[in-house]
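Everything below concerns the one structure shown next.
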Amino acid sequence: MDTESTYSGYSYYSGRSRGSHRHGERSRDRHKSRSKDSRSEKSVTINTPPAEPLLGDSSVRGEQVQDDNWGETTTAVTGTSEHSLSQEDIVRITKDLEDSVGLDCRRYFTLTLAVILGLLVFLTPLAFLVLPHLLWPEKLQSCGTACEGLFISVAFKLLILLLAVWALFFRPPRAGLPRVFVFRALLAVLVLLFVVSYWLFYGVRILDSQDENYQGIVQYAVSLVDALLFIHYLAIVLLELRQLQPCFSVCVMRSTDGETRHYNLGQLSIQRAALSIIEHYYCDFPVHNPALLSASKSRAAKHLAGLKVYNVDGPGNNVATGLAHSQSRAMIAAAARRRDTSHNELYYEEAEHERRVRKRKARLVVAVEEAFTHVKRMQEEEQKKAAGDVMDPREAAQAIFPSMARALQKYLRTTRQQHCHSMESIQQHLAFCITNNMTPKAFLESYLAPGPTLQYSRDHWLSRQWTLISEASVTSGLKDGGVFLLKCVDFNLVVTAKKIPYIQMSEEYIDPKSHKFVLRLQSETSV
Amino acid sequence: MFGEYLLYQVYSFFLAKIMSNSTFIPGQPVTAVVQRIEICKLRHGDNLILGFSIGGGIDQDPGQNPFSKDKTDKGIYVTRITPGGPAEVAGLMMGDKIMQVNGWDMTVVTHDKARKRLTKKNEDVVRLLVTRKSLEEAVKHSMRAPNNQ
């Protein structure tokens with residue numbers, strides 16, 4: 001692994017880890033850090049001495065002020081250390097998987113409720129029709145043709161209801177949301193109340209009194225099925241149609257590199273809006289590449305490392321509140337006065353990087369084009385004649401891969417994308433391109449620029465667990481100017497919603513006969 | 001080949017009515033201070049030329065006329081004078097508005113009609129009545145001078 005993390009003696013991370021290899025590193029680094037004291041590349045966080053401790057609290061005072069070995073008690077943070085999984089992280093992840101059984105329980109619970117409700121809804125009309133025949137068959141009037149017609153209509157309406165419910169509700173769940181889906185819950189309650197009230201009426205007026213008018217009972221069952229179809233219509237409108245009309249324009253910004261996209265959403269609750277935004281994120285945003293962020297962090301660290309603050313006044317200083325303030329002000333003033341040449345370095349560094357990337361890209365393009373000329377699709381007639389050396393796409397890809405592997409790897413290293421593409425995936429992509437008759441340029445497109453997250457292998461889907469952070473309740477609707485955060489392990493997505501304004505349009509009628517024109521010239525004739 | 005500069009004495013009885021160079025009141029006759037210019041046509045190959053260019057006309061866009069004071073004036077204006085030509089010799093100047101050609105009115109004509117009136121093949125001499133702003137100034141000066149004497 002490519003980690004360049006330097007763990008100092010008492011660093012925060014190593015203190016928590018229990019793996020055995022950490023101990024060896026810890027003792028080694030303690031010796032290293034002492035020697036590296038004066039070098040400026042070592043990035044340190046300066047702990048300003050705390051505010052005046054309480055008078056008389058001698059134990060605390062002694063511990064904090066005499067802390068001269070701050071070189072060993074600070075954390076060195078580098079850019080790539082976030083991706084190293086320690087033993088402890090693995091333990092944590094497996095524990096999380098076990099904990100998520102609670103979430104699954106909730107999902108099964110809602111599923112069973114839905115199934116019970118569905119069965120109740122479908123069996124009720126049938127029960128209404130069948131029960132009189134079971135309980136008082138002698139008293140029942142015989143069913144005429146009108147009755148039989150109603151049977152057919154009940155059957156078909158139930159079939160349509162079944163298909164409609166299957167289409168709307170029996171879809172694989174996209175996500176697990178933090179709070180219950182309000183509209184679905186309301187609809188379920190409505191259906192339940194509805195069916196219960198029908199049963200009540202049936203029980204009281206028909207079962208108890210043992211009504212003989214069978215046609216009336218059949219009509220009652222038909223009216224129940226009609227009403228259920230109307231409730232299904234209500235469900236379509238509430239769940240599907242209402243949010244189709246765009247009402248809000250949301251601006252989604254990734255916190256690490258500022259990638260911004262804008263989407264149009266309808267009237268949704270915050271959690272549903274967050275879900276749709278995450279789905280758009282996987283399709284539209286280029287993949288999050290932490291290797292690209294290390295440059296700015298190292299610049300910031302170098303900036304801090306240039307300043308050292310000493311507390312010359314001893315522990316007997318009584319100016320408690322002003323101490324921390326004056327320290328930070330002194331630091332800022334010193335930073336402003338110091339002649340900063342870091343912008344110069346940045347400019348030249350970026351120009352150099354640009355040049356290097358272009359050179360590598362040129363070599364890569366040439367190598368790939370050469371490699372592709374070696375492979376040719378065999379024609380139909382040749383296939384019957386030639387026996388040996390015929391390869392399927394996978395073998396052809398493996399044959400030409402070595403000639404371009406070096407150039408491709410160098411290019412990926414320069415653009416810091418090497419961890420996104422494994423050799424296996426590159427060969428697979430090459431075989432795919434060869435099969436589909438793609439040009440070398442088409443093959444290279446997926447490596448020249450970062451694509452959407454979905455394109456990469458499943459390792460980069462680490463962020464399947466998202467946290468929604470919102471001041472307003474997540475089941476409340478989007479509001480104009482509302483802000484919420486979608487947190488994942490590596491970065492945040494900051495979402496701002498703005499309402500699309502109300503548009504007042506007026507018309508103006510222009511008579512087609514009023515389209516008349518004159519020729520306006522200014523000619524000059526010589527006489 | 002010489003122009004007569006008609007002094008204010010001849011047109012003095014008009015002066016009382018004249019306030020501006022040419023007044024255009026719709027429905028009323030136009031009044032202006034004019035200069036009579038006689039141009040003899042010059043034979044140039046097969047054509048008889050006068051040595052100047054005209055612009056304007058009732059079918060043209062009056063707003064593009066650089067010489068007119070009133071931008072709704074659709075009269076015929078002299079836009080260019082050939083140096084050394086008969087028009088320059090006769091005293092025609094650029095920016096003059098042509099009011100009459102050989103007695104024919106030129107204030108309300110199309111551009112093509114104006115051209116035809118000036119280039120009649122059987123005429124050797126055209127007598128123009130032209131007006132310009134400097135004429136009015138000169139007349140005003142002369143009006144004041146005898147009063148001061």
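Quick note on naming: the chains in the structure tokens go A, B, ... in the order shown, residues restart at 1 in each chain, and ligands are numbered from 1 in order of appearance.
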Please check the contacts: residues of chain B at most 7 Å away from chain A, using only C-alpha atoms, listed as a list of chain:residue names.
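Contact residues on the first chain: B:Ile49, B:Leu50, B:Gly51, B:Phe52, B:Ser53, B:Ile54, B:Gly55, B:Gly56, B:Gln60, B:Asp61, B:Gln64, B:Arg115, B:Leu118, B:Thr119.
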If you count only C-alpha atoms, which residues fall within 10 Å of Pro393 in chain A, apart from same-chain ones fewer than 5 positions away, as a list in words?
Val375, Arg377, Gln398, Ala399, Gln428, Leu430, Ala431, Phe432, Cys433, Ile434, Thr435 and Asn436 of chain A
May I have all residues of range 6-146 of chain B that DSSP, computed from the backbone, assigns to strand (DSSP E), given as a ChimeraX atom specification?
/B:22-23,31-32,35-40,42-44,47-49,52-56,76-81,97-101,104-105,125-131
Shortest contact to Val89 in chain B, candidates B:Val101, B:Gln35, B:Cys40, B:Val139, atoms counted only C-alpha atoms, goes to B:Cys40
I'd like the neighbourhood of range 494-502 of chain A as a ChimeraX atom specification, where a residue qualifies if any of its atoms comes within 7 Å (using only C-alpha atoms), though same-chain residues fewer than 2 positions away should be ignored.
/A:247-255,479-486,492,504
Write a file of the selected residues as a JSON list (two decimals), in the first residue's frame, keeping N, CA and C atoms.
```json
[["chain", "number", "residue", "atom", "x", "y", "z"],
["A", 247, "CYS", "N", -40.28, 22.05, -8.76],
["A", 247, "CYS", "CA", -40.68, 23.14, -7.89],
["A", 247, "CYS", "C", -39.47, 23.81, -7.25],
["A", 248, "PHE", "N", -38.42, 23.01, -7.04],
["A", 248, "PHE", "CA", -37.22, 23.52, -6.38],
["A", 248, "PHE", "C", -36.02, 23.22, -7.24],
["A", 249, "SER", "N", -35.07, 24.14, -7.16],
["A", 249, "SER", "CA", -33.79, 23.88, -7.81],
["A", 249, "SER", "C", -32.78, 23.68, -6.69],
["A", 250, "VAL", "N", -32.21, 22.48, -6.63],
["A", 250, "VAL", "CA", -31.26, 22.22, -5.54],
["A", 250, "VAL", "C", -29.85, 22.27, -6.09],
["A", 251, "CYS", "N", -28.97, 22.85, -5.29],
["A", 251, "CYS", "CA", -27.57, 22.96, -5.66],
["A", 251, "CYS", "C", -26.80, 22.02, -4.74],
["A", 252, "VAL", "N", -26.11, 21.04, -5.34],
["A", 252, "VAL", "CA", -25.40, 20.04, -4.55],
["A", 252, "VAL", "C", -23.91, 20.26, -4.72],
["A", 253, "MET", "N", -23.22, 20.44, -3.61],
["A", 253, "MET", "CA", -21.79, 20.72, -3.69],
["A", 253, "MET", "C", -21.03, 19.74, -2.82],
["A", 254, "ARG", "N", -19.97, 19.18, -3.38],
["A", 254, "ARG", "CA", -19.16, 18.24, -2.61],
["A", 254, "ARG", "C", -18.17, 19.04, -1.79],
["A", 255, "SER", "N", -18.01, 18.68, -0.54],
["A", 255, "SER", "CA", -17.23, 19.55, 0.33],
["A", 255, "SER", "C", -15.73, 19.47, 0.07],
["A", 479, "LYS", "N", -37.90, 23.43, 1.67],
["A", 479, "LYS", "CA", -38.33, 24.81, 1.77],
["A", 479, "LYS", "C", -37.32, 25.68, 1.02],
["A", 480, "ASP", "N", -37.76, 26.86, 0.63],
["A", 480, "ASP", "CA", -36.86, 27.77, -0.05],
["A", 480, "ASP", "C", -35.75, 28.21, 0.91],
["A", 481, "GLY", "N", -34.49, 28.01, 0.46],
["A", 481, "GLY", "CA", -33.38, 28.39, 1.32],
["A", 481, "GLY", "C", -33.01, 27.34, 2.34],
["A", 482, "GLY", "N", -33.61, 26.17, 2.25],
["A", 482, "GLY", "CA", -33.29, 25.13, 3.20],
["A", 482, "GLY", "C", -31.94, 24.51, 2.88],
["A", 483, "VAL", "N", -31.21, 24.13, 3.89],
["A", 483, "VAL", "CA", -29.89, 23.52, 3.70],
["A", 483, "VAL", "C", -29.84, 22.24, 4.49],
["A", 484, "PHE", "N", -29.31, 21.19, 3.88],
["A", 484, "PHE", "CA", -29.04, 19.98, 4.66],
["A", 484, "PHE", "C", -27.79, 19.32, 4.13],
["A", 485, "LEU", "N", -27.25, 18.41, 4.93],
["A", 485, "LEU", "CA", -25.97, 17.80, 4.62],
["A", 485, "LEU", "C", -26.15, 16.31, 4.44],
["A", 486, "LEU", "N", -25.42, 15.76, 3.50],
["A", 486, "LEU", "CA", -25.41, 14.31, 3.35],
["A", 486, "LEU", "C", -23.98, 13.88, 3.64],
["A", 492, "ASN", "N", -18.59, 15.35, 2.46],
["A", 492, "ASN", "CA", -19.98, 15.77, 2.68],
["A", 492, "ASN", "C", -20.55, 16.31, 1.39],
["A", 504, "GLN", "N", -45.40, 35.13, -13.98],
["A", 504, "GLN", "CA", -46.63, 35.78, -14.44],
["A", 504, "GLN", "C", -46.45, 36.07, -15.92]]
```
Need to verify the contact set: range 438-447 of chain A, 9 Å, only C-alpha atoms, exclusion of same-chain residues closer than 6 positions in sequence. Can you return it as a PyMOL selection string?
chain A and resi 364-365+368-372+408+411-412+417+421+429-430+432
Got a sec: who's within 7 Å of range 269-273 of chain A, counting only C-alpha atoms, leaving out chain neighbours fewer than 2 positions off, as JSON, numbers by chain?
{"A": [177, 267, 275, 276, 277, 474, 475, 476, 477, 478]}
